[in-house]
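A.B. asks: Pasting entry35.cif here (mmCIF, C-alpha atoms):
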data_model
#
loop_
_atom_site.label_atom_id
_atom_site.label_comp_id
_atom_site.auth_asym_id
_atom_site.auth_seq_id
_atom_site.Cartn_x
_atom_site.Cartn_y
_atom_site.Cartn_z
CA MET A 1273 19.78 45.40 -8.91
CA ASP A 1274 23.12 43.71 -8.44
CA ILE A 1275 23.82 40.92 -5.98
CA ASP A 1276 25.38 43.09 -3.30
CA ASN A 1277 22.34 45.37 -3.17
CA LEU A 1278 20.05 42.37 -3.01
CA VAL A 1279 22.05 41.09 -0.08
CA ILE A 1280 21.73 44.44 1.70
CA GLN A 1281 17.95 44.33 1.15
CA PHE A 1282 17.90 40.71 2.32
CA LYS A 1283 19.54 41.71 5.58
CA LYS A 1284 16.70 44.19 6.00
CA LYS A 1285 14.31 41.25 5.61
CA ASP A 1286 13.06 42.28 2.19
CA GLU A 1287 11.19 39.25 0.87
CA LYS A 1288 11.36 40.37 -2.75
CA ALA A 1289 15.13 40.63 -2.61
CA PHE A 1290 15.30 37.26 -0.92
CA GLU A 1291 13.16 35.73 -3.64
CA LYS A 1292 15.65 36.94 -6.25
CA LEU A 1293 18.56 35.52 -4.29
CA TYR A 1294 16.62 32.28 -3.94
CA THR A 1295 16.10 32.07 -7.69
CA MET A 1296 19.79 32.79 -8.26
CA TYR A 1297 21.13 30.20 -5.86
CA LYS A 1298 18.52 27.48 -5.37
CA ASP A 1299 19.88 25.14 -8.02
CA SER A 1300 23.42 25.75 -6.87
CA MET A 1301 22.54 24.85 -3.30
CA HIS A 1302 20.49 21.89 -4.45
CA GLY A 1303 23.46 20.68 -6.48
CA VAL A 1304 25.88 20.96 -3.57
CA ILE A 1305 23.43 19.20 -1.24
CA TYR A 1306 22.57 16.55 -3.82
CA ASN A 1307 26.28 15.83 -4.31
CA ILE A 1308 26.44 15.00 -0.60
CA VAL A 1309 23.14 13.18 0.04
CA ARG A 1310 22.56 11.72 -3.48
CA ASP A 1311 18.79 11.78 -3.14
CA ASN A 1312 16.70 14.32 -5.01
CA ASP A 1313 13.80 14.53 -2.53
CA ILE A 1314 16.04 14.80 0.52
CA ALA A 1315 18.17 17.39 -1.27
CA GLU A 1316 15.09 19.47 -2.08
CA GLU A 1317 13.95 19.28 1.51
CA ILE A 1318 17.34 20.34 2.88
CA MET A 1319 17.61 23.11 0.31
CA GLN A 1320 14.33 24.64 1.49
CA ASP A 1321 15.47 24.39 5.07
CA VAL A 1322 18.75 26.08 4.17
CA PHE A 1323 17.02 29.11 2.67
CA ILE A 1324 14.61 29.38 5.58
CA LYS A 1325 17.48 29.14 8.01
CA ALA A 1326 19.36 31.81 6.07
CA TRP A 1327 16.32 34.08 6.21
CA HIS A 1328 15.99 33.74 9.96
CA LYS A 1329 19.73 34.06 10.50
CA ALA A 1330 20.05 37.08 8.21
CA ASP A 1331 21.40 39.17 11.09
CA SER A 1332 24.35 36.87 11.55
CA TYR A 1333 25.61 37.36 7.99
CA ASP A 1334 28.41 39.93 7.88
CA VAL A 1335 29.24 41.23 4.44
CA LYS A 1336 32.85 41.96 5.47
CA LYS A 1337 33.50 38.35 6.38
CA GLY A 1338 32.70 36.90 2.98
CA ARG A 1339 30.33 36.56 0.10
CA PHE A 1340 26.64 35.87 0.69
CA PHE A 1341 26.98 32.91 -1.67
CA THR A 1342 29.88 31.58 0.38
CA TRP A 1343 27.89 31.96 3.58
CA LEU A 1344 24.90 30.20 2.03
CA ILE A 1345 26.88 27.32 0.57
CA ASN A 1346 28.42 26.75 4.00
CA ILE A 1347 24.99 26.43 5.58
CA ALA A 1348 23.95 24.05 2.78
CA ARG A 1349 27.01 21.81 3.13
CA ASN A 1350 26.67 21.62 6.90
CA ALA A 1351 22.96 20.84 6.69
CA ALA A 1352 23.62 18.10 4.13
CA ILE A 1353 26.48 16.59 6.13
CA ASP A 1354 24.34 16.70 9.28
CA LYS A 1355 21.67 14.83 7.37
CA THR A 1356 24.05 12.07 6.26
CA ARG A 1357 25.06 11.63 9.91
CA SER A 1358 21.46 11.39 11.12
CA LYS A 1359 20.09 8.03 12.19
CA SER A 1360 17.18 8.13 9.77
CA PHE A 1361 19.54 8.72 6.87
CA LYS A 1362 21.93 5.95 7.90
CA ASN A 1363 18.99 3.59 8.40
CA SER A 1364 17.64 4.37 4.94
CA GLY A 1365 20.56 2.41 3.52
CA LYS A 1366 21.57 5.12 1.08
CA ASN A 1367 24.61 4.19 -0.89
CA LEU A 1368 26.89 7.22 -0.93
CA ASN A 1369 29.21 6.22 -3.70
CA SER A 1370 32.42 8.08 -4.10
CA ASP A 1371 31.60 9.52 -7.55
CA PHE A 1372 32.71 13.07 -8.10
CA PHE A 1373 30.33 15.82 -9.08
CA VAL A 1374 31.42 15.39 -12.69
CA ASP A 1375 30.02 11.87 -12.75
CA ILE A 1376 26.66 13.23 -11.71
CA ILE A 1377 26.80 15.93 -14.35
CA GLN A 1378 27.70 13.39 -17.00
CA SER A 1379 24.91 11.06 -15.94
CA HIS A 1380 22.22 13.70 -16.42
CA ASP A 1381 19.86 13.20 -19.31
CA SER A 1382 21.01 15.52 -22.08
CA LEU A 1383 17.46 16.05 -23.48
CA ASP A 1384 16.47 18.82 -21.11
CA ASP A 1385 19.92 20.38 -20.89
CA SER A 1386 20.15 24.12 -20.98
CA THR A 1387 22.91 25.97 -22.80
CA ASP A 1388 24.80 26.29 -19.55
CA ALA A 1389 24.58 22.58 -18.91
CA ILE A 1390 25.96 21.84 -22.36
CA GLY A 1391 28.88 24.19 -21.71
CA ILE A 1392 29.55 22.59 -18.39
CA LYS A 1393 29.40 19.12 -19.89
CA LYS A 1394 31.98 20.14 -22.42
CA PHE A 1395 34.04 21.63 -19.64
CA VAL A 1396 33.96 18.59 -17.38
CA ASP A 1397 34.60 16.26 -20.31
CA LYS A 1398 37.99 17.74 -20.91
CA LEU A 1399 38.68 18.64 -17.30
CA ALA A 1400 41.89 17.25 -15.82
CA LYS A 1401 41.45 14.86 -12.91
CA LYS A 1402 43.48 17.16 -10.66
CA CYS A 1403 41.01 19.99 -11.43
CA ILE A 1404 38.03 17.81 -10.65
CA GLU A 1405 39.47 16.80 -7.32
CA VAL A 1406 40.43 20.32 -6.28
CA ILE A 1407 37.04 21.78 -7.18
CA GLU A 1408 35.23 18.88 -5.54
CA LEU A 1409 37.07 19.31 -2.27
CA LEU A 1410 37.17 23.11 -2.07
CA TYR A 1411 33.69 23.99 -3.33
CA PHE A 1412 31.50 20.92 -2.98
CA LYS A 1413 32.93 19.42 0.19
CA GLY A 1414 34.15 22.58 1.93
CA PHE A 1415 37.63 21.25 2.68
CA THR A 1416 40.20 23.79 3.84
CA GLN A 1417 43.32 24.29 1.70
CA LYS A 1418 45.31 22.34 4.27
CA GLU A 1419 42.86 19.42 4.29
CA ALA A 1420 42.77 19.43 0.49
CA SER A 1421 46.55 19.47 0.30
CA GLU A 1422 46.73 16.48 2.64
CA GLU A 1423 43.95 14.64 0.80
CA LEU A 1424 45.55 15.21 -2.60
CA ASP A 1425 49.12 14.97 -1.35
CA MET A 1426 49.93 18.33 -2.91
CA PRO A 1427 51.62 21.46 -1.45
CA ILE A 1428 49.23 24.21 -0.33
CA GLY A 1429 50.67 26.67 -2.84
CA THR A 1430 50.02 24.22 -5.66
CA ILE A 1431 46.40 23.87 -4.57
CA LYS A 1432 45.99 27.61 -4.77
CA THR A 1433 47.44 28.06 -8.28
CA ARG A 1434 45.89 24.91 -9.64
CA ASN A 1435 42.52 25.99 -8.34
CA ARG A 1436 42.98 29.39 -9.96
CA ASN A 1437 43.68 27.73 -13.32
CA CYS A 1438 40.81 25.29 -13.03
CA ILE A 1439 38.33 28.04 -12.24
CA LYS A 1440 39.69 30.05 -15.15
CA GLU A 1441 38.87 27.18 -17.48
CA LEU A 1442 35.43 26.88 -15.95
CA ARG A 1443 34.78 30.57 -16.46
CA GLU A 1444 35.76 30.27 -20.09
CA ALA A 1445 33.36 27.38 -20.54
CA VAL A 1446 30.28 28.82 -18.86
CA LEU A 1447 30.42 32.60 -18.78
CA MET B 578 50.61 45.95 -4.11
CA ASN B 579 50.14 45.05 -7.74
CA ILE B 580 46.45 44.34 -8.12
CA ASN B 581 46.92 41.97 -11.05
CA ASP B 582 49.40 39.88 -9.11
CA TYR B 583 46.96 39.81 -6.25
CA ILE B 584 44.18 38.64 -8.55
CA ASN B 585 46.40 36.03 -10.21
CA SER B 586 47.58 34.62 -6.88
CA GLY B 587 44.35 32.60 -6.63
CA ILE B 588 43.32 34.22 -3.36
CA LEU B 589 39.97 35.38 -4.78
CA GLU B 590 39.02 31.80 -5.72
CA LEU B 591 39.76 30.80 -2.16
CA TYR B 592 37.77 33.80 -0.94
CA VAL B 593 34.69 32.56 -2.78
CA ALA B 594 35.32 29.06 -1.46
CA GLY B 595 35.32 30.52 2.07
CA GLN B 596 38.87 29.39 2.77
CA LEU B 597 40.34 32.67 3.99
CA SER B 598 40.77 33.86 7.53
CA GLU B 599 38.53 36.63 8.79
CA LYS B 600 41.36 39.14 8.39
CA GLU B 601 42.13 38.07 4.81
CA SER B 602 38.44 38.14 3.90
CA SER B 603 38.15 41.63 5.31
CA GLU B 604 41.14 42.70 3.16
CA VAL B 605 39.52 41.27 0.05
CA TYR B 606 36.34 43.11 0.92
CA ASP B 607 38.19 46.42 1.24
CA LEU B 608 40.01 45.81 -2.06
CA MET B 609 36.71 45.05 -3.80
CA LEU B 610 35.41 48.44 -2.72
CA LYS B 611 38.59 50.16 -3.89
CA HIS B 612 39.30 48.24 -7.11
CA PRO B 613 36.42 47.48 -9.48
CA GLU B 614 38.55 44.84 -11.26
CA VAL B 615 38.79 42.85 -7.99
CA LEU B 616 35.02 43.03 -7.53
CA LYS B 617 34.48 41.99 -11.15
CA GLU B 618 36.87 39.05 -10.72
CA VAL B 619 35.09 37.89 -7.57
CA LEU B 620 31.67 38.16 -9.22
CA GLU B 621 32.85 36.10 -12.18
CA ILE B 622 34.41 33.42 -10.03
CA GLU B 623 31.24 33.26 -8.01
CA ALA B 624 29.01 33.11 -11.10
CA ALA B 625 31.09 30.25 -12.52
CA ILE B 626 30.87 28.29 -9.27
CA VAL B 627 27.14 28.92 -9.06
CA LYS B 628 26.66 27.51 -12.54
CA LEU B 629 28.90 24.56 -11.91
CA THR B 630 27.20 23.62 -8.67
CA ALA B 631 23.74 24.20 -10.17
CA SER B 632 24.58 21.81 -13.00
CA VAL B 633 24.92 19.01 -10.46
CA SER B 634 21.31 19.45 -9.40
CA PRO B 635 19.29 16.76 -11.25
CA LYS B 636 15.96 18.55 -11.07
CA ASN B 637 14.82 21.08 -8.54
CA LYS B 638 11.27 22.28 -8.92
CA ILE B 639 10.83 23.99 -5.58
CA ALA B 640 9.43 27.45 -6.19
CA PHE B 641 10.01 30.32 -3.80
CA ASN B 642 6.33 30.25 -2.83
CA THR B 643 6.87 26.85 -1.28
CA ILE B 644 9.12 28.30 1.39
CA LYS B 645 7.48 31.71 1.57
CA ASP B 646 4.98 30.70 4.24
CA ARG B 647 7.72 29.41 6.45
CA LEU B 648 9.58 32.71 6.34
CA ASP B 649 6.83 34.55 8.19
CA ASN B 650 6.79 32.19 11.10
CA ASN B 651 9.54 34.03 12.80
CA THR B 652 10.26 31.40 15.33
CA ASP B 653 13.78 30.37 16.11
CA SER B 654 12.67 26.96 17.18
CA LYS B 655 11.51 26.32 13.65
CA VAL B 656 14.91 27.28 12.31
CA ILE B 657 16.73 25.15 14.80
CA SER B 658 14.50 22.24 14.02
CA LEU B 659 15.50 22.27 10.38
CA ASN B 660 18.79 20.46 10.69
CA ARG B 661 17.69 17.65 12.89
CA PRO B 662 13.93 17.69 13.13
CA LYS B 663 13.85 14.09 14.25
CA THR B 664 16.27 14.58 17.12
CA GLN B 665 14.56 17.77 18.22
CA TRP B 666 11.22 16.05 18.16
CA LEU B 667 12.60 13.18 20.20
CA ASN B 668 14.16 15.67 22.59
CA TYR B 669 10.93 17.53 23.18
CA SER B 670 8.81 14.45 23.48
CA GLY B 671 11.41 12.98 25.79
CA TRP B 672 11.23 15.99 28.08
CA ALA B 673 7.46 16.01 27.85
CA ALA B 674 7.36 12.35 28.78
CA ALA B 675 9.72 13.00 31.69
CA VAL B 676 7.52 15.82 32.96
CA VAL B 677 4.37 13.72 32.64
CA LEU B 678 6.09 10.83 34.38
CA ALA B 679 7.34 13.04 37.21
CA GLY B 680 3.85 14.50 37.61
CA GLY B 681 2.35 11.03 37.67
CA LEU B 682 4.91 9.93 40.20
CA ILE B 683 4.17 12.83 42.53
CA TRP B 684 0.44 12.19 42.18
CA THR B 685 0.96 8.50 42.96
CA ILE B 686 3.08 9.32 46.00
CA ASN B 687 0.39 11.68 47.24
CA GLN B 688 -2.26 9.04 46.68
CA LYS B 689 -0.18 6.50 48.53
CA SER B 690 0.36 8.84 51.46
CA ASP B 691 -3.38 9.59 51.58
CA LEU B 692 -4.22 5.90 51.56
CA GLU B 693 -1.66 5.21 54.28
CA ASN B 694 -3.28 7.88 56.43
CA GLN B 695 -6.68 6.34 55.82
CA ILE B 696 -5.37 2.90 56.73
CA GLN B 697 -3.90 4.36 59.91
CA THR B 698 -7.25 5.88 60.83
CA VAL B 699 -9.12 2.68 60.08
CA ASN B 700 -6.62 0.66 62.11
CA THR B 701 -7.05 2.97 65.08
CA GLU B 702 -10.83 2.67 64.80
CA LYS B 703 -10.52 -1.08 64.54
CA ASP B 704 -8.34 -1.25 67.67
CA PHE B 705 -10.82 0.91 69.51
CA LEU B 706 -13.73 -1.27 68.42
CA GLU B 707 -11.84 -4.41 69.41
CA ILE B 708 -11.26 -3.00 72.87
CA GLN B 709 -14.94 -2.10 73.15
CA MET B 710 -15.91 -5.55 72.00
CA GLU B 711 -13.55 -7.14 74.49
CA THR B 712 -15.03 -5.01 77.25
CA SER B 713 -18.54 -5.96 76.17
CA LYS B 714 -17.60 -9.63 76.10
CA THR B 715 -16.15 -9.42 79.58
CA ASP B 716 -19.24 -7.56 80.81
CA LEU B 717 -21.48 -10.14 79.23
CA ALA B 718 -19.52 -13.01 80.76
CA GLU B 719 -19.68 -11.37 84.18
CA THR B 720 -23.40 -10.76 83.82
CA LYS B 721 -24.03 -14.35 82.74
CA ASN B 722 -22.00 -15.54 85.63
CA LEU B 723 -24.07 -13.42 88.02
CA LEU B 724 -27.24 -14.68 86.48
CA ASN B 725 -26.09 -18.28 86.92
CA ILE B 726 -25.30 -17.61 90.56
CA ILE B 727 -28.69 -16.06 91.21
CA ARG B 728 -30.49 -18.93 89.48
CA ASP B 729 -28.53 -21.65 91.16
CA LYS B 730 -30.99 -23.41 93.47
CA SER B 731 -28.31 -24.34 96.00
CA ILE B 732 -27.74 -20.63 96.64
CA ILE B 733 -29.58 -19.04 99.55
CA ASN B 734 -31.06 -15.61 99.02
CA ILE B 735 -31.27 -13.34 102.05
CA PRO B 736 -32.87 -9.91 101.60
CA LEU B 737 -31.49 -7.25 103.97
CA GLU B 738 -33.96 -4.53 105.05
CA GLY B 739 -33.14 -0.89 105.70
CA GLN B 740 -32.63 -0.02 109.42
CA ALA B 741 -32.92 3.13 111.51
CA ALA B 742 -29.67 4.65 110.16
CA ALA B 743 -30.89 4.35 106.54
CA PRO B 744 -34.57 3.40 106.27
CA GLY B 745 -34.63 3.52 102.42
CA ALA B 746 -31.61 1.26 102.02
CA TYR B 747 -31.75 -2.39 101.07
CA ALA B 748 -29.39 -5.15 99.97
CA ASN B 749 -29.38 -8.81 98.95
CA VAL B 750 -27.08 -11.58 100.01
CA TYR B 751 -26.64 -14.72 97.87
CA TRP B 752 -24.88 -17.35 99.89
CA ASP B 753 -23.25 -20.26 98.12
CA LYS B 754 -22.66 -22.73 100.94
CA LYS B 755 -20.72 -25.19 98.78
CA ASP B 756 -18.10 -22.59 98.03
CA ASP B 757 -18.32 -20.73 101.34
CA THR B 758 -18.95 -17.59 99.32
CA VAL B 759 -21.43 -14.76 99.59
CA TYR B 760 -22.39 -12.45 96.78
CA LEU B 761 -23.68 -9.08 97.94
CA ASP B 762 -25.95 -6.98 95.79
CA LEU B 763 -25.52 -3.50 97.24
CA GLN B 764 -27.41 -1.62 94.56
CA GLY B 765 -29.76 -0.25 97.23
CA LEU B 766 -27.12 1.36 99.45
CA PRO B 767 -26.17 5.03 99.19
CA GLU B 768 -22.57 5.94 98.40
CA PRO B 769 -20.56 5.95 101.64
CA PRO B 770 -19.22 9.38 102.70
CA GLU B 771 -15.50 10.00 102.40
CA GLY B 772 -13.40 8.21 104.96
CA LYS B 773 -16.10 5.63 105.58
CA VAL B 774 -16.68 2.10 104.24
CA TYR B 775 -19.38 -0.50 104.50
CA GLN B 776 -18.47 -3.50 106.60
CA VAL B 777 -20.33 -6.80 106.23
CA TRP B 778 -21.05 -8.96 109.24
CA SER B 779 -22.12 -12.56 109.64
CA LEU B 780 -24.30 -13.03 112.73
CA THR B 781 -25.25 -15.94 114.91
CA LEU B 782 -28.25 -15.14 117.08
CA ASN B 783 -28.08 -16.99 120.42
CA PRO B 784 -26.01 -15.41 121.69
CA LEU B 785 -25.70 -12.54 119.20
CA THR B 786 -22.21 -12.85 117.83
CA PRO B 787 -21.03 -10.73 114.89
CA THR B 788 -18.16 -11.91 112.71
CA SER B 789 -16.66 -9.50 110.16
CA LEU B 790 -16.65 -10.79 106.59
CA GLY B 791 -14.72 -7.78 105.38
CA THR B 792 -15.11 -4.22 104.17
CA ILE B 793 -16.32 -3.05 100.75
CA ASP B 794 -13.38 -0.79 99.81
CA ASP B 795 -14.24 -0.23 96.14
CA PHE B 796 -17.94 0.50 96.47
CA ILE B 797 -17.86 3.72 94.43
CA GLN B 798 -15.67 2.36 91.61
CA ASP B 799 -17.71 -0.81 91.08
CA ASP B 800 -20.28 -0.55 88.32
CA ASN B 801 -22.81 -3.25 89.09
CA LYS B 802 -22.42 -3.00 92.90
CA ILE B 803 -22.08 -6.75 93.28
CA PHE B 804 -19.35 -7.88 95.61
CA LYS B 805 -17.98 -11.30 96.53
CA LEU B 806 -16.77 -12.20 100.01
CA LYS B 807 -15.67 -15.43 101.74
CA ASN B 808 -18.00 -16.78 104.42
CA ALA B 809 -17.17 -20.07 106.15
CA ASN B 810 -19.40 -19.28 109.16
CA GLN B 811 -22.65 -20.94 110.15
CA SER B 812 -24.38 -17.60 109.60
CA GLN B 813 -27.97 -17.07 110.77
CA ALA B 814 -28.20 -13.44 109.68
CA PHE B 815 -26.21 -10.75 107.79
CA GLY B 816 -25.80 -7.05 108.57
CA ILE B 817 -24.05 -4.11 106.97
CA THR B 818 -22.74 -1.14 108.95
CA LEU B 819 -20.93 2.04 108.00
CA GLU B 820 -17.49 2.10 109.61
CA PRO B 821 -14.35 4.26 109.41
CA ALA B 822 -12.02 3.32 106.57
CA GLY B 823 -10.19 0.09 107.35
CA GLY B 824 -13.16 -1.34 109.24
CA SER B 825 -13.86 -1.94 112.96
CA PRO B 826 -13.34 -5.02 115.16
CA SER B 827 -17.04 -4.92 116.18
CA PRO B 828 -20.06 -3.33 114.43
CA THR B 829 -21.15 0.23 115.26
CA LEU B 830 -24.84 -0.50 115.76
CA GLU B 831 -25.92 3.15 115.39
CA GLN B 832 -24.64 2.91 111.84
CA LEU B 833 -26.40 -0.35 110.98
CA TYR B 834 -27.74 0.25 107.46
CA THR B 835 -29.33 -3.09 106.55
CA LEU B 836 -30.07 -6.35 108.30
CA GLY B 837 -31.67 -9.66 107.31
CA ALA B 838 -31.94 -13.17 108.73
CA LEU B 839 -32.12 -16.55 106.94
CA ALA B 840 -35.70 -17.48 106.11
CA SER B 841 -35.48 -20.95 107.68
CA LEU B 842 -35.00 -19.47 111.12
#
As a first step, turn the structure in this file into structure tokens.
C.D. replies:
Amino acid sequence: MDIDNLVIQFKKKDEKAFEKLYTMYKDSMHGVIYNIVRDNDIAEEIMQDVFIKAWHKADSYDVKKGRFFTWLINIARNAAIDKTRSKSFKNSGKNLNSDFFVDIIQSHDSLDDSTDAIGIKKFVDKLAKKCIEVIELLYFKGFTQKEASEELDMPIGTIKTRNRNCIKELREAVL
Amino acid sequence: MNINDYINSGILELYVAGQLSEKESSEVYDLMLKHPEVLKEVLEIEAAIVKLTASVSPKNKIAFNTIKDRLDNNTDSKVISLNRPKTQWLNYSGWAAAVVLAGGLIWTINQKSDLENQIQTVNTEKDFLEIQMETSKTDLAETKNLLNIIRDKSIINIPLEGQAAAPGAYANVYWDKKDDTVYLDLQGLPEPPEGKVYQVWSLTLNPLTPTSLGTIDDFIQDDNKIFKLKNANQSQAFGITLEPAGGSPSPTLEQLYTLGALASL
């Protein structure tokens, strides 16, 4: 069954379909959340909450308005950002350094790396800084094009084409 | 529209990032249904992003079963509580505390009002008892006073016997010569009919001369039937007659109730 059918089943509250979607996206969501909160346990906790929230909010997902993945990643980012703003999180004295996602990828122990991870490491190793920044802002942080263009001091059109090229490189490395 | 140009514009990457307006997203959706190459492009972009983001995850060992139980509890509150469980908890406990506090407050106010009522009742009872006690004290003082008068050896006691008008009647006169005062114990006289009063006379015998000592106007109201009158006369006997209200200048002898003379005579 392809993703779109799974999503249709998910909207009908089919647990089996949801389990497949969970397996597909759990690491992705965990990665996005981890990149924001920088704590594995907290990220795991938020990730579970995100999937449970998605399950209960299944009715509010509209396939015409965007991809299921896009909808899910939005919930994940918001949950993670909410967490970083919470009192308990601020009081925990977490040091949210300004490393990009690539620094996290590069810091991972290479012993238990899968084939994908090796491909991605190769990809990020040779990735241009401008690519890293654009991907970080648009996908990991959920910035709008306009916000990204202001942050990177780059015209909106440039963001769009640069992003296209960066993702193309990524696809070549991992797919 | 050239589909390849559309794909190459970078709009699909933004679509996956969630950066398009609702209208643009809807367009992409329609194009995906119409053009398989657009759908394929979107799926590949998405797959690449999924892998990239997943590679950031250090280790994630949460199996689906871990969250499965929480899917069945179809409660919205649970979902809402996910983002900020701490705040929600504080919220609820705050409201709960407020409710408990308000309840306690109302209860306390009720208690207070009850106690105030009780105090009011007790105060009224206390006032009533104080009045009773005061009355008793006064009564006691009066009685003691009477007793002292009766016991005083300088006081002359003259019993008055019932006469033709009222054979069963009797009275006692206690004459305190030092004070020129007589105390009359009229316990043995019947209540005077309406419009009539008893009048007390001091008598000297040779010749028989009556002098009015006064009328007993409050006979009925008086409890112990003991009355006090002034007597500065050299009395040799005392008599009591029934007279019209206000008294008479001389006694009506047909209405002579009681009469008694001093023992020394």
A.B. asks: Check the smallest atom-to-atom distance from each of A:Lys1418, A:Ala1445, A:Leu1424, A:Ser1360 to Lys1393 in chain A using only C-alpha atoms, then report the winner.
C.D. replies: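 When distances to Lys1393 in chain A are compared using only C-alpha atoms, the smallest one comes from A:Ala1445.
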A.B. asks: Dump as a PyMOL selection string the residues of chain A that approach chain B to within 6 Å, counting all atoms listed in the file.
C.D. replies: chain A and resi 1299-1300+1302-1304+1321+1325+1336-1338+1342+1351+1377+1389+1411+1416+1432-1433+1436+1443
A.B. asks: One decimal, in Å: what's the spacing between CA of Lys773 in chain B and CA of Asn810 in chain B?
C.D. replies: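 We find that CA of Lys773 in chain B and CA of Asn810 in chain B lie 25.4 Å from each other.
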A.B. asks: For the provided coordinates, the residues matched by the PyMOL selection byres ((chain B and resi 743) around 9) should be stated as a ChimeraX atom specification.
C.D. replies: /B:739-742,744-747,766-767,832-835
A.B. asks: What does the distance between CA of Ala1330 in chain A and CA of Lys1284 in chain A come to in Å, to one decimal place?
C.D. replies: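 Between CA of Ala1330 in chain A and CA of Lys1284 in chain A the gap is 8.2 Å.
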A.B. asks: Grab the CA of Glu707 in chain B to CA of Asp691 in chain B distance for me, in Å with one decimal place.
C.D. replies: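 We find that CA of Glu707 in chain B and CA of Asp691 in chain B lie 24.2 Å from each other.
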A.B. asks: Using all atoms listed in the file, give me every residue within 12 Å of (-33.4, -17.0, 107.9) in file coordinates, as a list of chain:residue names.
C.D. replies: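 Final list of nearby residues, as requested, is B:Ile733, B:Asn734, B:Ile735, B:Pro736, B:Leu737, B:Val750, B:Trp752, B:Leu780, B:Thr781, B:Leu782, B:Gln811, B:Ser812, B:Gln813, B:Ala814, B:Phe815, B:Leu836, B:Gly837, B:Ala838, B:Leu839, B:Ala840, B:Ser841, B:Leu842.
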A.B. asks: Would you save the residues of that selection, restricted to C-alpha atoms, as a tab-separated table (two decimals), in the coordinates of the input?
C.D. replies:
chain	number	residue	atom	x	y	z
B	733	ILE	CA	-29.58	-19.04	99.55
B	734	ASN	CA	-31.06	-15.61	99.02
B	735	ILE	CA	-31.27	-13.34	102.05
B	736	PRO	CA	-32.87	-9.91	101.60
B	737	LEU	CA	-31.49	-7.25	103.97
B	750	VAL	CA	-27.08	-11.58	100.01
B	752	TRP	CA	-24.88	-17.35	99.89
B	780	LEU	CA	-24.30	-13.03	112.73
B	781	THR	CA	-25.25	-15.94	114.91
B	782	LEU	CA	-28.25	-15.14	117.08
B	811	GLN	CA	-22.65	-20.94	110.15
B	812	SER	CA	-24.38	-17.60	109.60
B	813	GLN	CA	-27.97	-17.07	110.77
B	814	ALA	CA	-28.20	-13.44	109.68
B	815	PHE	CA	-26.21	-10.75	107.79
B	836	LEU	CA	-30.07	-6.35	108.30
B	837	GLY	CA	-31.67	-9.66	107.31
B	838	ALA	CA	-31.94	-13.17	108.73
B	839	LEU	CA	-32.12	-16.55	106.94
B	840	ALA	CA	-35.70	-17.48	106.11
B	841	SER	CA	-35.48	-20.95	107.68
B	842	LEU	CA	-35.00	-19.47	111.12
A.B. asks: Where does the PyMOL selection byres ((chain A and resi 1279) around 10) land in this file, that is, which residues does it pick, as a list in words?
C.D. replies: Asp1274, Ile1275, Asp1276, Asn1277, Leu1278, Ile1280, Gln1281, Phe1282, Lys1283, Lys1284, Lys1285, Asp1286, Ala1289, Phe1290, Lys1292, Leu1293, Ala1330, Tyr1333, Val1335, Arg1339, Phe1340 and Phe1341 of chain A
A.B. asks: Excluding same-chain residues fewer than 2 positions from range 1397-1399 of chain A, what lies within 12 Å of it counting all atoms listed in the file, as JSON, numbers by chain?
C.D. replies: {"A": [1374, 1375, 1377, 1378, 1379, 1389, 1390, 1391, 1392, 1393, 1394, 1395, 1401, 1402, 1403, 1404, 1405, 1406, 1407, 1437, 1438, 1439, 1440, 1441, 1442, 1445]}
A.B. asks: Would you write out, as a list in words, every residue that the PyMOL selection byres ((chain B and resi 758) around 8) captures in this file?
C.D. replies: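 The output of the PyMOL selection byres ((chain B and resi 758) around 8) on this file is Trp752, Asp753, Lys754, Lys755, Asp756, Asp757, Val759, Tyr760, Lys805, Leu806, Lys807, Asn808 and Ala809 of chain B.
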A.B. asks: Select, from A:Met1426, A:Leu1447, A:Ile1324, A:Val1396, the residue with the minimum atom-to-atom distance to Ile1347 in chain A, counting only C-alpha atoms.
C.D. replies: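 The closest residue to Ile1347 in chain A is A:Ile1324.
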A.B. asks: Could you give me the centre and size, in Å to one decimal, of an axis-aligned box around all listed atoms of range 712-726 of chain B with 6 Å added on every side, as JSON?
C.D. replies:
{"center_x": -21.1, "center_y": -11.6, "center_z": 83.3, "size_x": 24.2, "size_y": 25.3, "size_z": 26.5}
